[in-house]
Every structure is written in structure tokens, then in C-alpha cells.
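upload10.pdb (PDB, N, CA and C atoms) appears below.
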ATOM      1  N   MET I   1      -8.004 -19.498   5.260
ATOM      2  CA  MET I   1      -8.821 -20.420   6.060
ATOM      3  C   MET I   1      -8.381 -21.857   5.829
ATOM      4  N   GLY I   2      -8.234 -22.608   6.890
ATOM      5  CA  GLY I   2      -7.845 -24.012   6.737
ATOM      6  C   GLY I   2      -9.039 -24.827   6.288
ATOM      7  N   ASN I   3      -8.777 -25.967   5.712
ATOM      8  CA  ASN I   3      -9.873 -26.848   5.317
ATOM      9  C   ASN I   3     -10.443 -27.546   6.532
ATOM     10  N   GLN I   4     -11.712 -27.324   6.804
ATOM     11  CA  GLN I   4     -12.360 -28.060   7.882
ATOM     12  C   GLN I   4     -12.745 -29.423   7.322
ATOM     13  N   SER I   5     -12.496 -30.467   8.100
ATOM     14  CA  SER I   5     -12.850 -31.793   7.615
ATOM     15  C   SER I   5     -14.366 -31.926   7.606
ATOM     16  N   GLU I   6     -14.867 -32.805   6.759
ATOM     17  CA  GLU I   6     -16.303 -33.028   6.646
ATOM     18  C   GLU I   6     -16.869 -33.445   8.000
ATOM     19  N   ASN I   7     -16.109 -34.287   8.693
ATOM     20  CA  ASN I   7     -16.616 -34.909   9.908
ATOM     21  C   ASN I   7     -16.276 -34.040  11.112
ATOM     22  N   GLU I   8     -17.030 -32.980  11.273
ATOM     23  CA  GLU I   8     -16.719 -31.966  12.280
ATOM     24  C   GLU I   8     -16.770 -32.517  13.702
ATOM     25  N   GLU I   9     -17.686 -33.459  13.970
ATOM     26  CA  GLU I   9     -17.871 -33.918  15.354
ATOM     27  C   GLU I   9     -16.618 -34.580  15.901
ATOM     28  N   GLU I  10     -15.884 -35.253  15.029
ATOM     29  CA  GLU I  10     -14.791 -36.076  15.524
ATOM     30  C   GLU I  10     -13.451 -35.350  15.511
ATOM     31  N   MET I  11     -13.435 -34.141  16.031
ATOM     32  CA  MET I  11     -12.168 -33.436  16.154
ATOM     33  C   MET I  11     -11.418 -34.028  17.335
ATOM     34  N   THR I  12     -10.200 -34.507  17.092
ATOM     35  CA  THR I  12      -9.432 -35.077  18.192
ATOM     36  C   THR I  12      -8.045 -34.454  18.237
ATOM     37  N   VAL I  13      -7.398 -34.637  19.362
ATOM     38  CA  VAL I  13      -6.046 -34.138  19.546
ATOM     39  C   VAL I  13      -5.292 -35.223  20.303
ATOM     40  N   GLU I  14      -3.991 -35.339  20.013
ATOM     41  CA  GLU I  14      -3.196 -36.326  20.731
ATOM     42  C   GLU I  14      -2.377 -35.609  21.793
ATOM     43  N   LEU I  15      -2.517 -36.061  23.023
ATOM     44  CA  LEU I  15      -1.809 -35.442  24.145
ATOM     45  C   LEU I  15      -0.683 -36.350  24.572
ATOM     46  N   GLU I  16       0.460 -35.757  24.874
ATOM     47  CA  GLU I  16       1.536 -36.540  25.475
ATOM     48  C   GLU I  16       1.483 -36.336  26.982
ATOM     49  N   LEU I  17       1.384 -37.440  27.715
ATOM     50  CA  LEU I  17       1.302 -37.356  29.168
ATOM     51  C   LEU I  17       2.698 -37.276  29.761
ATOM     52  N   GLU I  18       2.744 -36.988  31.065
ATOM     53  CA  GLU I  18       4.047 -36.785  31.702
ATOM     54  C   GLU I  18       4.930 -38.016  31.626
ATOM     55  N   ASP I  19       4.316 -39.201  31.591
ATOM     56  CA  ASP I  19       5.131 -40.414  31.520
ATOM     57  C   ASP I  19       5.545 -40.749  30.091
ATOM     58  N   GLY I  20       5.216 -39.842  29.141
ATOM     59  CA  GLY I  20       5.643 -40.037  27.760
ATOM     60  C   GLY I  20       4.638 -40.808  26.921
ATOM     61  N   SER I  21       3.615 -41.389  27.575
ATOM     62  CA  SER I  21       2.601 -42.099  26.794
ATOM     63  C   SER I  21       1.693 -41.071  26.122
ATOM     64  N   LYS I  22       1.012 -41.516  25.073
ATOM     65  CA  LYS I  22       0.134 -40.599  24.343
ATOM     66  C   LYS I  22      -1.303 -41.059  24.493
ATOM     67  N   ILE I  23      -2.201 -40.104  24.534
ATOM     68  CA  ILE I  23      -3.619 -40.436  24.621
ATOM     69  C   ILE I  23      -4.373 -39.536  23.654
ATOM     70  N   THR I  24      -5.345 -40.125  22.974
ATOM     71  CA  THR I  24      -6.171 -39.352  22.060
ATOM     72  C   THR I  24      -7.370 -38.816  22.822
ATOM     73  N   CYS I  25      -7.665 -37.533  22.601
ATOM     74  CA  CYS I  25      -8.796 -36.909  23.275
ATOM     75  C   CYS I  25      -9.711 -36.282  22.231
ATOM     76  N   ALA I  26     -11.000 -36.384  22.472
ATOM     77  CA  ALA I  26     -11.956 -35.664  21.642
ATOM     78  C   ALA I  26     -12.032 -34.232  22.143
ATOM     79  N   ILE I  27     -12.081 -33.292  21.207
ATOM     80  CA  ILE I  27     -12.205 -31.886  21.589
ATOM     81  C   ILE I  27     -13.676 -31.585  21.808
ATOM     82  N   VAL I  28     -14.025 -31.191  23.037
ATOM     83  CA  VAL I  28     -15.422 -30.886  23.333
ATOM     84  C   VAL I  28     -15.725 -29.452  22.902
ATOM     85  N   THR I  29     -14.920 -28.524  23.384
ATOM     86  CA  THR I  29     -15.153 -27.126  23.040
ATOM     87  C   THR I  29     -13.930 -26.313  23.423
ATOM     88  N   ILE I  30     -13.887 -25.107  22.920
ATOM     89  CA  ILE I  30     -12.874 -24.146  23.368
ATOM     90  C   ILE I  30     -13.609 -23.004  24.044
ATOM     91  N   LEU I  31     -13.211 -22.717  25.272
ATOM     92  CA  LEU I  31     -13.852 -21.676  26.069
ATOM     93  C   LEU I  31     -12.899 -20.508  26.229
ATOM     94  N   THR I  32     -13.441 -19.305  26.251
ATOM     95  CA  THR I  32     -12.618 -18.154  26.579
ATOM     96  C   THR I  32     -13.036 -17.641  27.939
ATOM     97  N   VAL I  33     -12.099 -17.642  28.876
ATOM     98  CA  VAL I  33     -12.369 -17.172  30.228
ATOM     99  C   VAL I  33     -11.331 -16.109  30.566
ATOM    100  N   GLN I  34     -11.801 -14.918  30.924
ATOM    101  CA  GLN I  34     -10.900 -13.819  31.281
ATOM    102  C   GLN I  34      -9.788 -13.650  30.240
ATOM    103  N   ASN I  35     -10.197 -13.577  28.985
ATOM    104  CA  ASN I  35      -9.283 -13.316  27.863
ATOM    105  C   ASN I  35      -8.251 -14.415  27.619
ATOM    106  N   GLN I  36      -8.454 -15.568  28.225
ATOM    107  CA  GLN I  36      -7.553 -16.701  27.978
ATOM    108  C   GLN I  36      -8.407 -17.827  27.389
ATOM    109  N   ASP I  37      -7.895 -18.451  26.317
ATOM    110  CA  ASP I  37      -8.625 -19.574  25.745
ATOM    111  C   ASP I  37      -8.266 -20.863  26.461
ATOM    112  N   TYR I  38      -9.274 -21.693  26.668
ATOM    113  CA  TYR I  38      -9.079 -23.005  27.271
ATOM    114  C   TYR I  38      -9.753 -24.040  26.387
ATOM    115  N   ILE I  39      -9.231 -25.248  26.408
ATOM    116  CA  ILE I  39      -9.817 -26.320  25.620
ATOM    117  C   ILE I  39     -10.309 -27.408  26.571
ATOM    118  N   ALA I  40     -11.488 -27.934  26.285
ATOM    119  CA  ALA I  40     -12.054 -29.025  27.082
ATOM    120  C   ALA I  40     -11.906 -30.310  26.272
ATOM    121  N   LEU I  41     -11.269 -31.299  26.879
ATOM    122  CA  LEU I  41     -10.969 -32.553  26.189
ATOM    123  C   LEU I  41     -11.598 -33.740  26.898
ATOM    124  N   LEU I  42     -12.020 -34.695  26.099
ATOM    125  CA  LEU I  42     -12.579 -35.940  26.608
ATOM    126  C   LEU I  42     -11.579 -37.045  26.288
ATOM    127  N   PRO I  43     -10.875 -37.580  27.288
ATOM    128  CA  PRO I  43      -9.894 -38.627  27.008
ATOM    129  C   PRO I  43     -10.581 -39.900  26.500
ATOM    130  N   LEU I  44     -10.034 -40.487  25.451
ATOM    131  CA  LEU I  44     -10.625 -41.675  24.834
ATOM    132  C   LEU I  44      -9.732 -42.886  25.042
ATOM    133  N   ASN I  45     -10.346 -44.049  25.187
ATOM    134  CA  ASN I  45      -9.555 -45.276  25.273
ATOM    135  C   ASN I  45      -9.231 -45.799  23.865
ATOM    136  N   GLU I  46      -8.635 -46.978  23.780
ATOM    137  CA  GLU I  46      -8.213 -47.511  22.479
ATOM    138  C   GLU I  46      -9.383 -47.641  21.507
ATOM    139  N   LYS I  47     -10.574 -47.852  22.048
ATOM    140  CA  LYS I  47     -11.751 -48.016  21.175
ATOM    141  C   LYS I  47     -12.346 -46.668  20.789
ATOM    142  N   GLY I  48     -11.734 -45.587  21.253
ATOM    143  CA  GLY I  48     -12.273 -44.268  20.934
ATOM    144  C   GLY I  48     -13.489 -43.924  21.773
ATOM    145  N   GLU I  49     -13.564 -44.512  22.974
ATOM    146  CA  GLU I  49     -14.695 -44.225  23.852
ATOM    147  C   GLU I  49     -14.203 -43.541  25.126
ATOM    148  N   ASN I  50     -15.103 -42.736  25.697
ATOM    149  CA  ASN I  50     -14.797 -42.118  26.984
ATOM    150  C   ASN I  50     -15.605 -42.853  28.033
ATOM    151  N   THR I  51     -14.927 -43.644  28.860
ATOM    152  CA  THR I  51     -15.645 -44.464  29.830
ATOM    153  C   THR I  51     -15.716 -43.784  31.188
ATOM    154  N   GLU I  52     -14.735 -42.952  31.498
ATOM    155  CA  GLU I  52     -14.650 -42.347  32.834
ATOM    156  C   GLU I  52     -15.652 -41.212  33.004
ATOM    157  N   GLY I  53     -16.010 -40.575  31.901
ATOM    158  CA  GLY I  53     -16.880 -39.409  31.994
ATOM    159  C   GLY I  53     -16.143 -38.178  32.473
ATOM    160  N   GLU I  54     -14.812 -38.252  32.533
ATOM    161  CA  GLU I  54     -14.086 -37.076  33.009
ATOM    162  C   GLU I  54     -13.706 -36.180  31.840
ATOM    163  N   VAL I  55     -13.594 -34.902  32.126
ATOM    164  CA  VAL I  55     -13.194 -33.921  31.125
ATOM    165  C   VAL I  55     -11.917 -33.265  31.610
ATOM    166  N   TRP I  56     -10.974 -33.088  30.697
ATOM    167  CA  TRP I  56      -9.714 -32.425  31.043
ATOM    168  C   TRP I  56      -9.701 -31.032  30.457
ATOM    169  N   PHE I  57      -9.144 -30.079  31.206
ATOM    170  CA  PHE I  57      -9.036 -28.703  30.721
ATOM    171  C   PHE I  57      -7.569 -28.315  30.588
ATOM    172  N   TYR I  58      -7.257 -27.633  29.500
ATOM    173  CA  TYR I  58      -5.914 -27.105  29.281
ATOM    174  C   TYR I  58      -6.019 -25.684  28.771
ATOM    175  N   ARG I  59      -4.989 -24.897  29.047
ATOM    176  CA  ARG I  59      -4.882 -23.603  28.373
ATOM    177  C   ARG I  59      -4.618 -23.881  26.899
ATOM    178  N   TYR I  60      -5.174 -23.029  26.069
ATOM    179  CA  TYR I  60      -5.106 -23.251  24.622
ATOM    180  C   TYR I  60      -4.586 -21.984  23.984
ATOM    181  N   HIS I  61      -3.567 -22.126  23.156
ATOM    182  CA  HIS I  61      -3.014 -20.942  22.512
ATOM    183  C   HIS I  61      -2.752 -21.214  21.039
ATOM    184  N   GLU I  62      -3.388 -20.423  20.201
ATOM    185  CA  GLU I  62      -3.141 -20.518  18.758
ATOM    186  C   GLU I  62      -2.213 -19.392  18.350
ATOM    187  N   ASP I  63      -1.353 -19.691  17.400
ATOM    188  CA  ASP I  63      -0.461 -18.662  16.869
ATOM    189  C   ASP I  63      -1.207 -17.882  15.787
ATOM    190  N   GLU I  64      -1.617 -16.661  16.122
ATOM    191  CA  GLU I  64      -2.405 -15.876  15.161
ATOM    192  C   GLU I  64      -1.616 -15.602  13.889
ATOM    193  N   ASN I  65      -0.299 -15.479  14.041
ATOM    194  CA  ASN I  65       0.530 -15.100  12.907
ATOM    195  C   ASN I  65       0.767 -16.270  11.957
ATOM    196  N   ASN I  66       0.633 -17.490  12.479
ATOM    197  CA  ASN I  66       0.869 -18.649  11.634
ATOM    198  C   ASN I  66      -0.177 -19.714  11.914
ATOM    199  N   PRO I  67      -1.284 -19.687  11.133
ATOM    200  CA  PRO I  67      -2.384 -20.613  11.382
ATOM    201  C   PRO I  67      -1.990 -22.089  11.202
ATOM    202  N   ASP I  68      -0.860 -22.337  10.541
ATOM    203  CA  ASP I  68      -0.442 -23.726  10.318
ATOM    204  C   ASP I  68       0.250 -24.332  11.532
ATOM    205  N   THR I  69       0.637 -23.480  12.482
ATOM    206  CA  THR I  69       1.301 -23.983  13.678
ATOM    207  C   THR I  69       0.316 -24.760  14.532
ATOM    208  N   GLU I  70       0.779 -25.872  15.083
ATOM    209  CA  GLU I  70      -0.066 -26.634  16.014
ATOM    210  C   GLU I  70      -0.414 -25.741  17.200
ATOM    211  N   PRO I  71      -1.695 -25.724  17.599
ATOM    212  CA  PRO I  71      -2.037 -24.976  18.815
ATOM    213  C   PRO I  71      -1.296 -25.567  20.005
ATOM    214  N   GLU I  72      -1.001 -24.704  20.942
ATOM    215  CA  GLU I  72      -0.236 -25.116  22.120
ATOM    216  C   GLU I  72      -1.202 -25.372  23.274
ATOM    217  N   LEU I  73      -1.060 -26.517  23.934
ATOM    218  CA  LEU I  73      -1.872 -26.812  25.107
ATOM    219  C   LEU I  73      -0.973 -26.767  26.333
ATOM    220  N   THR I  74      -1.383 -26.012  27.341
ATOM    221  CA  THR I  74      -0.584 -25.875  28.541
ATOM    222  C   THR I  74      -1.382 -26.353  29.740
ATOM    223  N   TYR I  75      -0.707 -27.095  30.589
ATOM    224  CA  TYR I  75      -1.313 -27.619  31.807
ATOM    225  C   TYR I  75      -1.699 -26.458  32.726
ATOM    226  N   ILE I  76      -2.882 -26.543  33.344
ATOM    227  CA  ILE I  76      -3.317 -25.509  34.287
ATOM    228  C   ILE I  76      -2.782 -25.856  35.672
ATOM    229  N   GLU I  77      -1.884 -25.025  36.170
ATOM    230  CA  GLU I  77      -1.228 -25.299  37.461
ATOM    231  C   GLU I  77      -2.112 -24.915  38.649
ATOM    232  N   GLU I  78      -2.793 -23.778  38.518
ATOM    233  CA  GLU I  78      -3.502 -23.206  39.669
ATOM    234  C   GLU I  78      -4.886 -23.808  39.844
ATOM    235  N   ASP I  79      -5.192 -24.249  41.069
ATOM    236  CA  ASP I  79      -6.522 -24.792  41.349
ATOM    237  C   ASP I  79      -7.613 -23.756  41.102
ATOM    238  N   ASP I  80      -7.338 -22.517  41.485
ATOM    239  CA  ASP I  80      -8.337 -21.459  41.308
ATOM    240  C   ASP I  80      -8.685 -21.304  39.841
ATOM    241  N   GLU I  81      -7.653 -21.299  39.016
ATOM    242  CA  GLU I  81      -7.855 -21.126  37.580
ATOM    243  C   GLU I  81      -8.651 -22.306  37.034
ATOM    244  N   TYR I  82      -8.291 -23.501  37.487
ATOM    245  CA  TYR I  82      -8.993 -24.709  37.038
ATOM    246  C   TYR I  82     -10.475 -24.634  37.403
ATOM    247  N   GLU I  83     -10.753 -24.177  38.618
ATOM    248  CA  GLU I  83     -12.142 -24.042  39.084
ATOM    249  C   GLU I  83     -12.944 -23.104  38.179
ATOM    250  N   ILE I  84     -12.319 -21.975  37.831
ATOM    251  CA  ILE I  84     -12.990 -20.988  36.993
ATOM    252  C   ILE I  84     -13.351 -21.609  35.643
ATOM    253  N   VAL I  85     -12.409 -22.359  35.094
ATOM    254  CA  VAL I  85     -12.643 -22.997  33.792
ATOM    255  C   VAL I  85     -13.717 -24.074  33.917
ATOM    256  N   ALA I  86     -13.649 -24.860  34.996
ATOM    257  CA  ALA I  86     -14.647 -25.917  35.213
ATOM    258  C   ALA I  86     -16.049 -25.316  35.341
ATOM    259  N   ASP I  87     -16.144 -24.184  36.046
ATOM    260  CA  ASP I  87     -17.441 -23.513  36.186
ATOM    261  C   ASP I  87     -17.941 -23.014  34.838
ATOM    262  N   ALA I  88     -17.041 -22.439  34.058
ATOM    263  CA  ALA I  88     -17.415 -21.942  32.735
ATOM    264  C   ALA I  88     -17.879 -23.099  31.852
ATOM    265  N   PHE I  89     -17.226 -24.246  32.018
ATOM    266  CA  PHE I  89     -17.603 -25.417  31.232
ATOM    267  C   PHE I  89     -18.986 -25.924  31.647
ATOM    268  N   ASP I  90     -19.258 -25.930  32.947
ATOM    269  CA  ASP I  90     -20.585 -26.338  33.420
ATOM    270  C   ASP I  90     -21.667 -25.441  32.822
ATOM    271  N   GLU I  91     -21.351 -24.158  32.771
ATOM    272  CA  GLU I  91     -22.279 -23.195  32.196
ATOM    273  C   GLU I  91     -22.488 -23.489  30.713
ATOM    274  N   TYR I  92     -21.384 -23.799  30.039
ATOM    275  CA  TYR I  92     -21.449 -24.155  28.623
ATOM    276  C   TYR I  92     -22.353 -25.369  28.431
ATOM    277  N   LEU I  93     -22.195 -26.366  29.303
ATOM    278  CA  LEU I  93     -23.015 -27.579  29.205
ATOM    279  C   LEU I  93     -24.487 -27.250  29.413
ATOM    280  N   ASP I  94     -24.761 -26.354  30.352
ATOM    281  CA  ASP I  94     -26.149 -25.979  30.611
ATOM    282  C   ASP I  94     -26.773 -25.351  29.368
ATOM    283  N   ASN I  95     -25.953 -24.646  28.607
ATOM    284  CA  ASN I  95     -26.478 -23.927  27.446
ATOM    285  C   ASN I  95     -26.395 -24.732  26.163
ATOM    286  N   ALA I  96     -25.613 -25.797  26.179
ATOM    287  CA  ALA I  96     -25.371 -26.538  24.937
ATOM    288  C   ALA I  96     -26.263 -27.759  24.855
ATOM    289  N   GLU I  97     -26.467 -28.200  23.643
ATOM    290  CA  GLU I  97     -27.126 -29.478  23.448
ATOM    291  C   GLU I  97     -26.059 -30.538  23.618
ATOM    292  N   PHE I  98     -25.990 -31.099  24.816
ATOM    293  CA  PHE I  98     -24.899 -32.020  25.115
ATOM    294  C   PHE I  98     -25.359 -33.463  24.956
ATOM    295  N   ASP I  99     -26.600 -33.640  24.512
ATOM    296  CA  ASP I  99     -27.193 -34.968  24.475
ATOM    297  C   ASP I  99     -26.374 -35.958  23.671
ATOM    298  N   GLU I 100     -25.822 -35.515  22.548
ATOM    299  CA  GLU I 100     -25.159 -36.488  21.675
ATOM    300  C   GLU I 100     -23.863 -36.998  22.265
ATOM    301  N   LEU I 101     -23.280 -36.279  23.213
ATOM    302  CA  LEU I 101     -22.038 -36.745  23.822
ATOM    303  C   LEU I 101     -22.288 -37.609  25.054
ATOM    304  N   VAL I 102     -23.407 -37.387  25.687
ATOM    305  CA  VAL I 102     -23.674 -38.105  26.923
ATOM    306  C   VAL I 102     -24.650 -39.249  26.636
ATOM    307  N   ASP I 103     -24.385 -40.398  27.240
ATOM    308  CA  ASP I 103     -25.302 -41.522  27.073
ATOM    309  C   ASP I 103     -26.689 -41.136  27.544
ATOM    310  N   ALA I 104     -27.675 -41.466  26.751
ATOM    311  CA  ALA I 104     -29.049 -41.194  27.159
ATOM    312  C   ALA I 104     -29.589 -42.362  27.963
ATOM    313  N   SER I 105     -28.764 -42.873  28.869
ATOM    314  CA  SER I 105     -29.229 -43.982  29.699
ATOM    315  C   SER I 105     -29.994 -43.409  30.875
ATOM    316  N   GLU I 106     -31.270 -43.721  30.918
ATOM    317  CA  GLU I 106     -32.131 -43.167  31.977
ATOM    318  C   GLU I 106     -32.071 -44.035  33.199
TER     319      GLU I 106
END
Transcribe the structure of this file into C-alpha cells.
Amino acid sequence: MGNQSENEEEMTVELELEDGSKITCAIVTILTVQNQDYIALLPLNEKGENTEGEVWFYRYHEDENNPDTEPELTYIEEDDEYEIVADAFDEYLDNAEFDELVDASE
């Protein structure tokens, strides 16, 4: 078992974008849809804030044989597949206590 950091909420991952720039994203959750794992990411700006409110989804693959390997994130090409993941994420939000991530601005 790997050492989980004390600060569980602030799990982040660095993504390299197509133009070669890097962006840090907070990991919201990992969803399994039709036997495929997907990761939901919240892109953060330099201050570590998510201003857009958008969530990005990627295919997520861990190497079971080598837990030390960085998990692989793959871009979702198919719109249909993206829709399925987005729907699953909406369902996750309905069931999750999402209050701490979303501004409680009434």
C-alpha cells in the first residue's frame, strides 16, 4: 500500500496540454463506467482555484502490476463516451456531499 498523504482533499495531478503547457488539476473522483475507469478533474489557475466551474474527464488506467507507475490519463475521443461519463458524474454529484467544492453563494 502506498502512503496516503495526510491532506487527502488536495489530491492534484499535473496535465500536459496539447500545446505543451502544463496545468494543475484537482482530482474530484474516479468513476468506473462500463468496466473502464475515468477520472474527473477540476482545472486550477495559478492561485489553485477553479474559476470556470468546468470539469474535465479522462480515461484513467492504473498499472495493477506496478503500483509505483504513474496512472495513465487518456483523452476521451468519442462524444458518446464523454456523455456517458458526464452523466455518471452528474449522478455522482447527486449522491455526494459536494458542498465543500462548490461555493455556497446563494
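Here the PyMOL selection byres (((chain I and resi 50-58 and name CA) around 8) and name CA) catches exactly these residues: Tyr38, Ile39, Ala40, Leu41, Leu42, Pro43, Leu44, Asn45, Gly48, Glu49, Arg59, Tyr60, Leu73, Thr74, Tyr75, Ile76, Tyr82, Val85 and Ala86 of chain I.
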- Task: Could you tell me which residues the PyMOL selection byres (((chain I and resi 61 and name CA) around 6) and name CA) grabs in this file, written as a ChimeraX atom specification?
- Result: /I:60,62,71-72
Would you put the residues from that selection into a file with N, CA and C atoms, as a tab-separated table (two decimals), in the frame of the given file?
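Full text of selection_35.tsv as output:
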chain	number	residue	atom	x	y	z
I	60	TYR	N	-5.17	-23.03	26.07
I	60	TYR	CA	-5.11	-23.25	24.62
I	60	TYR	C	-4.59	-21.98	23.98
I	62	GLU	N	-3.39	-20.42	20.20
I	62	GLU	CA	-3.14	-20.52	18.76
I	62	GLU	C	-2.21	-19.39	18.35
I	71	PRO	N	-1.70	-25.72	17.60
I	71	PRO	CA	-2.04	-24.98	18.82
I	71	PRO	C	-1.30	-25.57	20.00
I	72	GLU	N	-1.00	-24.70	20.94
I	72	GLU	CA	-0.24	-25.12	22.12
I	72	GLU	C	-1.20	-25.37	23.27
- Per-residue DSSP, stretch 2-106 of chain I, filtered to strand (DSSP E), as a ChimeraX atom specification: /I:12-16,22-33,36-43,56-61,72-75
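Pairwise distance (atom CA of I:Thr24, atom C of I:Glu70) equals 15.6 Å.
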- Item | alpha helix (DSSP H) positions in chain I, given as a PyMOL selection string | chain I and resi 79-95
- Message: Can you spell out as a ChimeraX atom specification the set of residues that the PyMOL selection byres ((chain I and resi 12) around 5) selects in the structure I just provided?
- Response: /I:10-11,13-14,25-27
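Across the model, the gap from atom C of I:Phe89 to atom N of I:Leu31 is 9.2 Å.
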- Between atom N of I:Asp37 and atom N of I:Asp80, measure the distance and give it in Å to one decimal. 15.7 Å
